[in-house]
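Visitor: Contents of input.txt (compact mmCIF, C-alpha atoms):
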# COMPACT_ATOMS: atom_id res chain seq x y z
CA MET Y 17 -10.92 -4.96 23.66
CA SER Y 18 -14.41 -3.86 24.71
CA ASP Y 19 -13.38 -2.85 28.24
CA ALA Y 20 -10.20 -1.15 27.03
CA PHE Y 21 -12.20 0.90 24.54
CA THR Y 22 -14.90 2.16 26.90
CA ASP Y 23 -13.12 5.46 27.54
CA ARG Y 24 -12.08 5.84 23.91
CA LYS Y 25 -15.64 5.35 22.70
CA ARG Y 26 -16.84 8.03 25.11
CA ARG Y 27 -14.14 10.48 24.05
CA ALA Y 28 -14.95 10.00 20.39
CA ALA Y 29 -18.71 10.38 20.88
CA ASP Y 30 -18.17 13.50 23.03
CA TRP Y 31 -15.94 15.02 20.35
CA PHE Y 32 -18.51 14.48 17.60
CA ARG Y 33 -21.15 16.11 19.79
CA ALA Y 34 -18.88 19.09 20.56
CA LEU Y 35 -18.12 19.55 16.87
CA ARG Y 36 -21.83 19.48 16.14
CA ASP Y 37 -22.40 22.25 18.71
CA GLN Y 38 -19.67 24.42 17.14
CA ILE Y 39 -21.04 24.02 13.63
CA VAL Y 40 -24.65 24.69 14.62
CA ALA Y 41 -23.61 27.90 16.42
CA ALA Y 42 -21.49 29.01 13.44
CA PHE Y 43 -24.28 28.41 10.93
CA GLU Y 44 -26.83 30.30 13.00
CA ALA Y 45 -24.33 33.17 13.24
CA VAL Y 46 -24.10 33.20 9.42
CA GLU Y 47 -27.88 33.47 9.28
CA ASP Y 48 -27.83 36.42 11.69
CA SER Y 49 -25.13 38.22 9.70
CA GLN Y 50 -27.05 38.16 6.40
CA THR Y 51 -28.50 41.64 7.02
CA ASP Y 52 -28.34 42.80 3.40
CA GLY Y 53 -28.33 41.05 0.05
CA PRO Y 54 -30.56 38.17 -1.12
CA LEU Y 55 -33.28 37.04 1.32
CA SER Y 56 -32.00 39.34 4.08
CA ASP Y 57 -35.61 40.41 4.73
CA ARG Y 58 -36.40 36.95 6.06
CA ALA Y 59 -36.14 35.87 9.67
CA PRO Y 60 -32.77 34.21 10.30
CA GLY Y 61 -32.91 30.44 10.18
CA ARG Y 62 -32.72 28.34 13.32
CA PHE Y 63 -32.10 24.66 13.86
CA GLU Y 64 -34.93 22.40 14.94
CA ILE Y 65 -33.52 19.73 17.22
CA ARG Y 66 -34.89 16.37 18.25
CA ASP Y 67 -33.58 13.13 19.67
CA THR Y 68 -33.47 10.05 17.49
CA GLN Y 69 -33.76 6.49 18.77
CA ARG Y 70 -32.83 3.09 17.43
CA HIS Y 71 -34.19 -0.24 18.60
CA GLY Y 72 -32.90 -3.75 18.12
CA PRO Y 73 -34.90 -6.67 16.70
CA GLU Y 74 -36.47 -7.43 20.09
CA GLY Y 75 -37.27 -3.79 20.77
CA GLU Y 76 -34.20 -3.29 22.95
CA ASP Y 77 -32.33 -0.01 23.15
CA ALA Y 78 -29.74 0.20 20.37
CA GLY Y 79 -28.63 3.80 20.69
CA GLY Y 80 -29.67 6.92 18.85
CA GLY Y 81 -28.56 10.46 18.42
CA LEU Y 82 -29.48 14.06 17.83
CA MET Y 83 -30.98 15.38 14.61
CA SER Y 84 -30.55 19.12 13.94
CA VAL Y 85 -32.11 20.60 10.80
CA MET Y 86 -32.49 24.19 9.63
CA ARG Y 87 -34.94 24.90 6.81
CA GLY Y 88 -35.81 28.04 4.87
CA GLY Y 89 -33.15 30.37 6.23
CA ARG Y 90 -31.58 33.43 4.68
CA VAL Y 91 -28.46 31.56 3.56
CA PHE Y 92 -29.23 27.89 4.18
CA GLU Y 93 -32.18 26.39 2.36
CA LYS Y 94 -31.79 23.11 4.22
CA VAL Y 95 -28.91 21.96 6.40
CA GLY Y 96 -28.72 19.02 8.75
CA VAL Y 97 -26.07 18.37 11.38
CA ASN Y 98 -26.66 14.99 12.99
CA VAL Y 99 -24.74 13.03 15.60
CA SER Y 100 -25.30 9.42 16.55
CA GLU Y 101 -24.07 6.70 18.85
CA VAL Y 102 -25.45 3.27 17.97
CA TYR Y 103 -24.68 -0.31 18.93
CA GLY Y 104 -25.97 -3.84 18.71
CA ALA Y 105 -25.48 -6.77 16.35
CA LEU Y 106 -25.04 -6.42 12.60
CA GLY Y 107 -27.09 -8.37 10.11
CA GLU Y 108 -25.53 -9.74 6.94
CA GLN Y 109 -26.52 -6.79 4.72
CA ALA Y 110 -25.31 -4.22 7.24
CA GLN Y 111 -21.99 -6.05 7.54
CA ARG Y 112 -21.42 -5.59 3.81
CA SER Y 113 -22.06 -1.83 3.97
CA LEU Y 114 -20.05 -1.26 7.16
CA THR Y 115 -16.72 -0.42 5.49
CA ALA Y 116 -14.86 -0.52 2.20
CA ARG Y 117 -13.62 -3.97 3.18
CA LYS Y 118 -15.59 -7.04 2.12
CA GLU Y 119 -14.78 -8.92 5.33
CA ILE Y 120 -14.09 -7.86 8.91
CA PRO Y 121 -12.20 -10.40 11.06
CA GLY Y 122 -14.41 -12.21 13.56
CA LEU Y 123 -17.64 -10.41 12.67
CA GLU Y 124 -19.45 -13.56 11.56
CA GLN Y 125 -18.73 -15.22 14.91
CA ASP Y 126 -19.41 -12.09 16.99
CA PRO Y 127 -21.47 -9.47 15.09
CA ARG Y 128 -21.47 -6.85 17.84
CA PHE Y 129 -20.63 -3.30 16.83
CA TRP Y 130 -20.53 0.24 18.16
CA ALA Y 131 -20.41 3.36 16.02
CA SER Y 132 -20.50 7.09 16.61
CA GLY Y 133 -20.13 10.03 14.29
CA ILE Y 134 -21.27 13.35 12.92
CA SER Y 135 -22.90 13.79 9.52
CA LEU Y 136 -23.59 17.11 7.83
CA VAL Y 137 -25.12 18.16 4.52
CA ALA Y 138 -25.91 21.76 3.58
CA HIS Y 139 -28.04 22.85 0.62
CA MET Y 140 -27.86 26.60 0.09
CA GLN Y 141 -30.38 29.25 -0.99
CA ASN Y 142 -27.98 31.03 -3.34
CA PRO Y 143 -26.97 28.91 -6.37
CA HIS Y 144 -23.56 30.61 -6.31
CA VAL Y 145 -22.84 29.12 -2.87
CA PRO Y 146 -21.82 25.45 -3.04
CA ALA Y 147 -23.55 22.64 -1.24
CA VAL Y 148 -21.29 20.70 1.09
CA HIS Y 149 -21.03 17.37 2.88
CA MET Y 150 -18.92 16.40 5.89
CA ASN Y 151 -18.80 13.45 8.22
CA THR Y 152 -16.38 11.82 10.63
CA ARG Y 153 -16.99 8.60 12.49
CA MET Y 154 -15.52 5.83 14.61
CA PHE Y 155 -16.44 2.14 14.42
CA TRP Y 156 -15.66 -0.64 16.85
CA THR Y 157 -16.19 -4.40 16.52
CA PRO Y 158 -14.68 -7.20 18.61
CA GLY Y 159 -12.21 -7.79 15.80
CA GLY Y 160 -11.01 -4.25 15.27
CA TRP Y 161 -11.65 -0.50 15.25
CA TRP Y 162 -11.25 2.25 12.67
CA PHE Y 163 -12.09 5.82 11.74
CA GLY Y 164 -13.57 7.28 8.58
CA GLY Y 165 -14.89 10.49 7.16
CA GLY Y 166 -14.02 13.49 5.06
CA SER Y 167 -15.69 16.46 3.41
CA ASP Y 168 -16.46 17.42 -0.17
CA LEU Y 169 -17.75 20.47 -2.01
CA ASN Y 170 -20.70 20.29 -4.40
CA PRO Y 171 -21.15 23.53 -6.37
CA CYS Y 172 -23.74 23.78 -9.13
CA ILE Y 173 -21.86 26.81 -10.47
CA GLU Y 174 -18.18 26.13 -10.07
CA TYR Y 175 -15.63 28.82 -9.25
CA ALA Y 176 -12.04 27.63 -9.61
CA GLU Y 177 -10.79 29.80 -6.74
CA ASP Y 178 -13.41 28.32 -4.38
CA THR Y 179 -12.39 24.78 -5.29
CA ALA Y 180 -8.70 25.58 -4.86
CA ASP Y 181 -9.25 27.30 -1.52
CA PHE Y 182 -11.39 24.47 -0.15
CA HIS Y 183 -8.79 21.87 -1.07
CA ALA Y 184 -5.91 23.99 0.24
CA THR Y 185 -7.58 24.26 3.64
CA LEU Y 186 -8.14 20.52 3.85
CA LYS Y 187 -4.52 19.93 2.91
CA ARG Y 188 -3.30 22.34 5.59
CA TYR Y 189 -5.12 20.36 8.29
CA CYS Y 190 -4.06 16.96 6.91
CA ASP Y 191 -0.38 17.66 6.39
CA PRO Y 192 0.72 17.68 10.07
CA HIS Y 193 -0.43 14.05 10.25
CA GLY Y 194 1.53 12.91 7.20
CA ALA Y 195 2.31 14.43 3.82
CA ASP Y 196 0.82 11.42 2.06
CA LEU Y 197 -2.65 11.70 3.61
CA TYR Y 198 -4.16 14.60 1.65
CA PRO Y 199 -3.23 13.32 -1.85
CA ARG Y 200 -4.23 9.80 -0.90
CA PHE Y 201 -7.60 10.79 0.51
CA LYS Y 202 -8.26 13.32 -2.24
CA ASN Y 203 -7.90 10.54 -4.79
CA TRP Y 204 -10.19 8.34 -2.72
CA ALA Y 205 -12.84 11.09 -2.67
CA ASP Y 206 -12.60 11.48 -6.44
CA GLU Y 207 -13.26 7.75 -6.81
CA TYR Y 208 -15.90 7.44 -4.09
CA PHE Y 209 -18.04 10.43 -5.11
CA PHE Y 210 -18.16 9.44 -8.77
CA ILE Y 211 -21.62 8.63 -10.20
CA PRO Y 212 -21.13 5.70 -12.57
CA HIS Y 213 -24.47 5.91 -14.38
CA ARG Y 214 -23.88 9.63 -15.08
CA LYS Y 215 -20.16 9.12 -15.77
CA ARG Y 216 -19.30 12.19 -13.75
CA ALA Y 217 -18.42 13.35 -10.23
CA ARG Y 218 -21.17 14.75 -8.04
CA GLY Y 219 -18.99 17.76 -7.13
CA VAL Y 220 -15.42 19.02 -7.05
CA GLY Y 221 -14.21 16.58 -4.43
CA GLY Y 222 -12.45 16.96 -1.13
CA ILE Y 223 -11.13 14.12 0.99
CA PHE Y 224 -12.58 10.75 1.93
CA TYR Y 225 -11.15 7.92 4.03
CA ASP Y 226 -12.42 4.70 5.56
CA ASP Y 227 -10.97 1.77 7.51
CA TYR Y 228 -8.36 4.18 8.90
CA CYS Y 229 -6.41 2.36 11.59
CA THR Y 230 -2.65 2.70 11.99
CA SER Y 231 -2.83 0.79 15.31
CA ASP Y 232 -2.20 4.09 17.12
CA TRP Y 233 -5.65 5.10 18.34
CA GLU Y 234 -4.57 8.46 19.75
CA ALA Y 235 -2.89 9.49 16.48
CA ASP Y 236 -5.83 8.34 14.36
CA PHE Y 237 -8.31 10.11 16.62
CA ALA Y 238 -6.22 13.30 16.46
CA PHE Y 239 -6.27 13.14 12.66
CA THR Y 240 -10.03 12.61 12.60
CA GLN Y 241 -10.49 15.57 14.94
CA ASP Y 242 -8.48 17.78 12.58
CA VAL Y 243 -10.60 16.66 9.64
CA GLY Y 244 -13.57 17.94 11.62
CA ARG Y 245 -11.80 21.15 12.62
CA ALA Y 246 -10.97 21.86 8.98
CA PHE Y 247 -14.60 21.97 7.95
CA LEU Y 248 -15.70 25.42 9.11
CA PRO Y 249 -12.70 27.38 7.77
CA ALA Y 250 -12.81 25.39 4.51
CA PHE Y 251 -16.52 25.93 3.89
CA LEU Y 252 -17.36 29.29 5.45
CA ALA Y 253 -14.76 31.03 3.28
CA GLN Y 254 -16.78 29.98 0.23
CA VAL Y 255 -20.05 31.06 1.84
CA GLU Y 256 -18.67 34.52 2.61
CA ARG Y 257 -17.35 34.92 -0.92
CA ARG Y 258 -20.63 34.08 -2.70
CA ARG Y 259 -23.65 34.52 -0.44
CA LYS Y 260 -24.53 38.08 -1.51
CA LEU Y 261 -24.28 37.51 -5.26
CA ALA Y 262 -27.53 38.06 -7.13
CA TRP Y 263 -29.17 35.15 -8.91
CA GLY Y 264 -32.16 34.56 -11.20
CA GLU Y 265 -34.33 31.75 -12.49
CA ALA Y 266 -31.62 30.34 -14.76
CA GLU Y 267 -29.16 29.92 -11.87
CA LYS Y 268 -31.87 28.36 -9.68
CA GLU Y 269 -32.74 25.91 -12.46
CA THR Y 270 -29.07 24.93 -12.69
CA GLN Y 271 -29.00 24.37 -8.94
CA LEU Y 272 -32.12 22.20 -8.89
CA ILE Y 273 -30.86 19.99 -11.70
CA HIS Y 274 -27.48 19.61 -9.99
CA ARG Y 275 -29.23 18.58 -6.79
CA GLY Y 276 -30.67 15.65 -8.69
CA LEU Y 277 -27.14 14.27 -8.92
CA TYR Y 278 -26.78 14.51 -5.17
CA ALA Y 279 -30.06 12.69 -4.56
CA GLU Y 280 -29.20 9.94 -7.04
CA TYR Y 281 -25.80 9.35 -5.50
CA ASN Y 282 -27.02 9.23 -1.91
CA LEU Y 283 -29.91 6.90 -2.64
CA VAL Y 284 -28.08 4.52 -4.97
CA TYR Y 285 -24.42 4.43 -3.91
CA ASP Y 286 -23.71 6.04 -0.55
CA ARG Y 287 -22.58 3.43 1.98
CA GLY Y 288 -23.58 5.55 4.96
CA THR Y 289 -27.18 5.79 3.75
CA LYS Y 290 -27.32 2.03 3.23
CA PHE Y 291 -25.79 1.31 6.63
CA GLY Y 292 -28.18 3.65 8.45
CA LEU Y 293 -31.29 2.17 6.85
CA GLN Y 294 -30.11 -1.44 7.18
CA THR Y 295 -29.37 -1.04 10.89
CA GLY Y 296 -32.77 0.44 11.70
CA HIS Y 297 -31.75 4.02 12.43
CA ASP Y 298 -34.35 6.80 12.19
CA PRO Y 299 -35.04 7.13 8.43
CA ASP Y 300 -35.60 10.88 8.67
CA ALA Y 301 -32.13 11.26 10.18
CA VAL Y 302 -30.55 8.93 7.63
CA LEU Y 303 -32.20 10.74 4.69
CA MET Y 304 -31.49 14.20 6.10
CA SER Y 305 -28.95 14.61 3.29
CA LEU Y 306 -31.58 14.85 0.57
CA PRO Y 307 -32.21 18.34 -0.82
CA PRO Y 308 -35.55 20.09 -0.14
CA PHE Y 309 -36.15 20.55 -3.88
CA ALA Y 310 -34.55 19.02 -6.96
CA ARG Y 311 -35.35 18.69 -10.65
CA TRP Y 312 -34.74 16.11 -13.34
CA VAL Y 313 -34.84 16.82 -17.07
Output the file's structure in the form of structure tokens.

Guide:
Amino acid sequence: MSDAFTDRKRRAADWFRALRDQIVAAFEAVEDSQTDGPLSDRAPGRFEIRDTQRHGPEGEDAGGGLMSVMRGGRVFEKVGVNVSEVYGALGEQAQRSLTARKEIPGLEQDPRFWASGISLVAHMQNPHVPAVHMNTRMFWTPGGWWFGGGSDLNPCIEYAEDTADFHATLKRYCDPHGADLYPRFKNWADEYFFIPHRKRARGVGGIFYDDYCTSDWEADFAFTQDVGRAFLPAFLAQVERRRKLAWGEAEKETQLIHRGLYAEYNLVYDRGTKFGLQTGHDPDAVLMSLPPFARWV
């Protein structure tokens, strides 16, 4: 399987990198276009980019990626768009956080893995503009391969039309791949992004999927690509609708408290955070999702 998947791994990793380039360019264009309204007197934000590296237990090369973070912009307070391609052998803890499954066939006997993906989290200046998360990824082990990912909206001030529009866009991109996918993955997102100790969701949902393998790699890759393609039209529509609304201290306080939910979820429950830290990836890249400021009461 390893030899047969060499080309497929490269195609997937190249796609995640291309999607990253599109999103970075689109977000910098949003910064440039904020020429009036809140914070328009600031310099437009720009991404700071650096390579990330991962090393195995003996110091050997184990992959890495590209970390892209914009801070203190006109529209984006902090946004990271990271891509990675990592490989090596999985320890016991990392095996448990690899997927939703408890066991992966053959992994105990041969713990090799390869993974590539894109991960994005945006925290916005304007409390009326929702925060957002998106990622898509591919995993390979000697015993199998699968895709995962999704995107979800995290407003601190919810607007029903924004929620409806975001979900409708995701559905439009999912439906050509099967009418059952959007409702199935919407329900999965509602379950996955629930914060048990707060007894509430961290946002208004979206879609989430893991262990996605129909045995047709081309079809599953095409679906994962469309999940990535859906992100910009789904999210930028909400940014355009809200980014010039005025806000005050009360709205900012609401935003900071809501961000606490995001931080709690990512540090306590998120499987991607656990996997990244347990496999020795750059901690700054793994924890890129955390907001620049948050508040607890």

Visitor: What is the distance between CA of Asp300 in chain Y and CA of Leu272 in chain Y, in Å to one decimal?

Guide: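 Separating CA of Asp300 in chain Y from CA of Leu272 in chain Y is a distance of 21.2 Å.
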
Visitor: At a cut-off of 6 Å, using all atoms listed in the file, what residues contact range 144-155 of chain Y? Leave out same-chain residues fewer than 5 positions from it and give the result as a PyMOL selection string.

Guide: chain Y and resi 130-139+161-171+173+255+258-259

Visitor: Keeping C-alpha atoms for every residue in the selection just given, could you write it to a file as a short mmCIF file (atom, residue, chain, number, x, y, z; two decimals), in the frame of the given file?

Guide:
data_model
loop_
_atom_site.label_atom_id
_atom_site.label_comp_id
_atom_site.auth_asym_id
_atom_site.auth_seq_id
_atom_site.Cartn_x
_atom_site.Cartn_y
_atom_site.Cartn_z
CA TRP Y 130 -20.53 0.24 18.16
CA ALA Y 131 -20.41 3.36 16.02
CA SER Y 132 -20.50 7.09 16.61
CA GLY Y 133 -20.13 10.03 14.29
CA ILE Y 134 -21.27 13.35 12.92
CA SER Y 135 -22.90 13.79 9.52
CA LEU Y 136 -23.59 17.11 7.83
CA VAL Y 137 -25.12 18.16 4.52
CA ALA Y 138 -25.91 21.76 3.58
CA HIS Y 139 -28.04 22.85 0.62
CA TRP Y 161 -11.65 -0.50 15.25
CA TRP Y 162 -11.25 2.25 12.67
CA PHE Y 163 -12.09 5.82 11.74
CA GLY Y 164 -13.57 7.28 8.58
CA GLY Y 165 -14.89 10.49 7.16
CA GLY Y 166 -14.02 13.49 5.06
CA SER Y 167 -15.69 16.46 3.41
CA ASP Y 168 -16.46 17.42 -0.17
CA LEU Y 169 -17.75 20.47 -2.01
CA ASN Y 170 -20.70 20.29 -4.40
CA PRO Y 171 -21.15 23.53 -6.37
CA ILE Y 173 -21.86 26.81 -10.47
CA VAL Y 255 -20.05 31.06 1.84
CA ARG Y 258 -20.63 34.08 -2.70
CA ARG Y 259 -23.65 34.52 -0.44
#

Visitor: Can you tell me how far CA of Pro212 in chain Y sits from CA of Gly276 in chain Y, in Å to one decimal?

Guide: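 Going from CA of Pro212 in chain Y over to CA of Gly276 in chain Y covers 14.3 Å.
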
Visitor: For Ile211 in chain Y, which of Y:Asp286, Y:Glu177, Y:Asp196, Y:Glu234 is the closest residue, counting all atoms listed in the file?

Guide: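 The shortest atom-to-atom distance to Ile211 in chain Y comes from Y:Asp286.
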
Visitor: With a distance cut-off of 12 Å and all atoms listed in the file, select the neighbouring residues of range 75-79 of chain Y, excluding the residue or stretch itself and same-chain residues fewer than 4 positions from it, and output the selection as number ranges by chain.

Guide: Y: 29, 67-71, 99-106, 128-132, 295-298

Visitor: CA of Lys260 in chain Y and CA of Phe182 in chain Y are how many Å apart?

Guide: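 Between these atoms lies a distance of 19.0 Å.
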
Visitor: Calculated over all atoms listed in the file, which of the candidates Y:Tyr225, Y:Leu306, Y:Thr157, Y:Ala238 has the smallest distance to Leu197 in chain Y?

Guide: Y:Tyr225

Visitor: Which of these residues is nearest to Pro307 in chain Y, using all atoms listed in the file: Y:Tyr208, Y:Phe201, Y:Phe224, Y:Phe92?

Guide: Y:Phe92

Visitor: For Pro299 in chain Y, which residue out of Y:Ala176, Y:Val40, Y:Leu55, Y:Met83 is the nearest one, using all atoms listed in the file?

Guide: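 Looking only at the distances to Pro299 in chain Y, the closest residue turns out to be Y:Met83.
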
Visitor: Smallest atom-to-atom distance to Gly160 in chain Y: which of Y:Glu44, Y:Asp191, Y:Asp126, Y:Glu265, using only C-alpha atoms?

Guide: Y:Asp126

Visitor: Could you list, as a VMD selection string, every residue within 12 Å of His213 in chain Y, counting all atoms listed in the file and ignoring same-chain residues fewer than 4 positions away?

Guide: chain Y and resid 217 to 218 277 280 to 281 284 to 285

Visitor: Could you tell me which of Y:Leu293, Y:Gly88, Y:Val97, Y:Arg257 comes closest to Arg66 in chain Y if we count only C-alpha atoms?

Guide: Y:Val97

Visitor: Once 3 Å is added on each side, what centre and edge lengths in Å to one decimal does the axis-aligned box around all listed atoms of range 247-266 of chain Y have, as JSON?

Guide:
{"center_x": -23.5, "center_y": 30.0, "center_z": -2.8, "size_x": 27.6, "size_y": 22.1, "size_z": 29.9}

Visitor: Using all atoms listed in the file, list the residues that have an atom at most 10 Å from (-36.3, 38.8, 9.2), coordinates as in the file, as a list in words.

Guide: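 Residues with an atom close enough to that point: Glu47, Asp48, Gln50, Thr51, Leu55, Ser56, Asp57, Arg58, Ala59, Pro60, Gly61, Gly89 and Arg90 of chain Y.
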
Visitor: Kindly output range 262-281 of chain Y as a tab-separated table (two decimals), keeping the file's coordinate frame, after building N, CA, C and O atoms.

Guide:
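Output file part12.tsv follows:
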chain	number	residue	atom	x	y	z
Y	262	ALA	N	-26.15	38.15	-6.64
Y	262	ALA	CA	-27.53	38.06	-7.13
Y	262	ALA	C	-27.69	36.82	-8.01
Y	262	ALA	O	-26.74	36.35	-8.62
Y	263	TRP	N	-28.89	36.27	-8.02
Y	263	TRP	CA	-29.17	35.15	-8.91
Y	263	TRP	C	-30.58	35.29	-9.48
Y	263	TRP	O	-31.41	36.04	-8.95
Y	264	GLY	N	-30.85	34.55	-10.56
Y	264	GLY	CA	-32.16	34.56	-11.20
Y	264	GLY	C	-32.67	33.16	-11.43
Y	264	GLY	O	-32.12	32.18	-10.92
Y	265	GLU	N	-33.71	33.05	-12.25
Y	265	GLU	CA	-34.33	31.75	-12.49
Y	265	GLU	C	-33.38	30.76	-13.16
Y	265	GLU	O	-33.42	29.56	-12.88
Y	266	ALA	N	-32.53	31.24	-14.05
Y	266	ALA	CA	-31.62	30.34	-14.76
Y	266	ALA	C	-30.64	29.70	-13.78
Y	266	ALA	O	-30.37	28.49	-13.86
Y	267	GLU	N	-30.10	30.48	-12.85
Y	267	GLU	CA	-29.16	29.92	-11.87
Y	267	GLU	C	-29.88	28.93	-10.94
Y	267	GLU	O	-29.31	27.89	-10.58
Y	268	LYS	N	-31.13	29.27	-10.56
Y	268	LYS	CA	-31.87	28.36	-9.68
Y	268	LYS	C	-32.18	27.06	-10.40
Y	268	LYS	O	-32.11	25.98	-9.80
Y	269	GLU	N	-32.49	27.12	-11.67
Y	269	GLU	CA	-32.74	25.91	-12.46
Y	269	GLU	C	-31.48	25.04	-12.50
Y	269	GLU	O	-31.55	23.81	-12.34
Y	270	THR	N	-30.34	25.67	-12.69
Y	270	THR	CA	-29.07	24.93	-12.69
Y	270	THR	C	-28.85	24.24	-11.35
Y	270	THR	O	-28.41	23.08	-11.28
Y	271	GLN	N	-29.17	24.94	-10.27
Y	271	GLN	CA	-29.00	24.37	-8.94
Y	271	GLN	C	-29.91	23.16	-8.73
Y	271	GLN	O	-29.48	22.12	-8.22
Y	272	LEU	N	-31.17	23.29	-9.12
Y	272	LEU	CA	-32.12	22.20	-8.89
Y	272	LEU	C	-31.75	20.95	-9.68
Y	272	LEU	O	-31.88	19.82	-9.19
Y	273	ILE	N	-31.28	21.13	-10.89
Y	273	ILE	CA	-30.86	19.99	-11.70
Y	273	ILE	C	-29.63	19.33	-11.09
Y	273	ILE	O	-29.52	18.09	-11.03
Y	274	HIS	N	-28.69	20.16	-10.62
Y	274	HIS	CA	-27.48	19.61	-9.99
Y	274	HIS	C	-27.83	18.83	-8.73
Y	274	HIS	O	-27.20	17.81	-8.42
Y	275	ARG	N	-28.83	19.29	-8.00
Y	275	ARG	CA	-29.23	18.58	-6.79
Y	275	ARG	C	-29.74	17.17	-7.10
Y	275	ARG	O	-29.67	16.27	-6.26
Y	276	GLY	N	-30.25	16.99	-8.30
Y	276	GLY	CA	-30.67	15.65	-8.69
Y	276	GLY	C	-29.52	14.67	-8.64
Y	276	GLY	O	-29.69	13.50	-8.26
Y	277	LEU	N	-28.32	15.12	-9.00
Y	277	LEU	CA	-27.14	14.27	-8.92
Y	277	LEU	C	-26.89	13.85	-7.48
Y	277	LEU	O	-26.53	12.69	-7.20
Y	278	TYR	N	-27.03	14.79	-6.57
Y	278	TYR	CA	-26.78	14.51	-5.17
Y	278	TYR	C	-27.76	13.47	-4.66
Y	278	TYR	O	-27.38	12.52	-3.97
Y	279	ALA	N	-29.05	13.64	-5.01
Y	279	ALA	CA	-30.06	12.69	-4.56
Y	279	ALA	C	-29.80	11.30	-5.14
Y	279	ALA	O	-29.90	10.29	-4.43
Y	280	GLU	N	-29.46	11.23	-6.41
Y	280	GLU	CA	-29.20	9.94	-7.04
Y	280	GLU	C	-28.03	9.23	-6.36
Y	280	GLU	O	-28.11	8.04	-6.06
Y	281	TYR	N	-26.97	9.96	-6.12
Y	281	TYR	CA	-25.80	9.35	-5.50
Y	281	TYR	C	-26.14	8.81	-4.11
Y	281	TYR	O	-25.81	7.66	-3.78
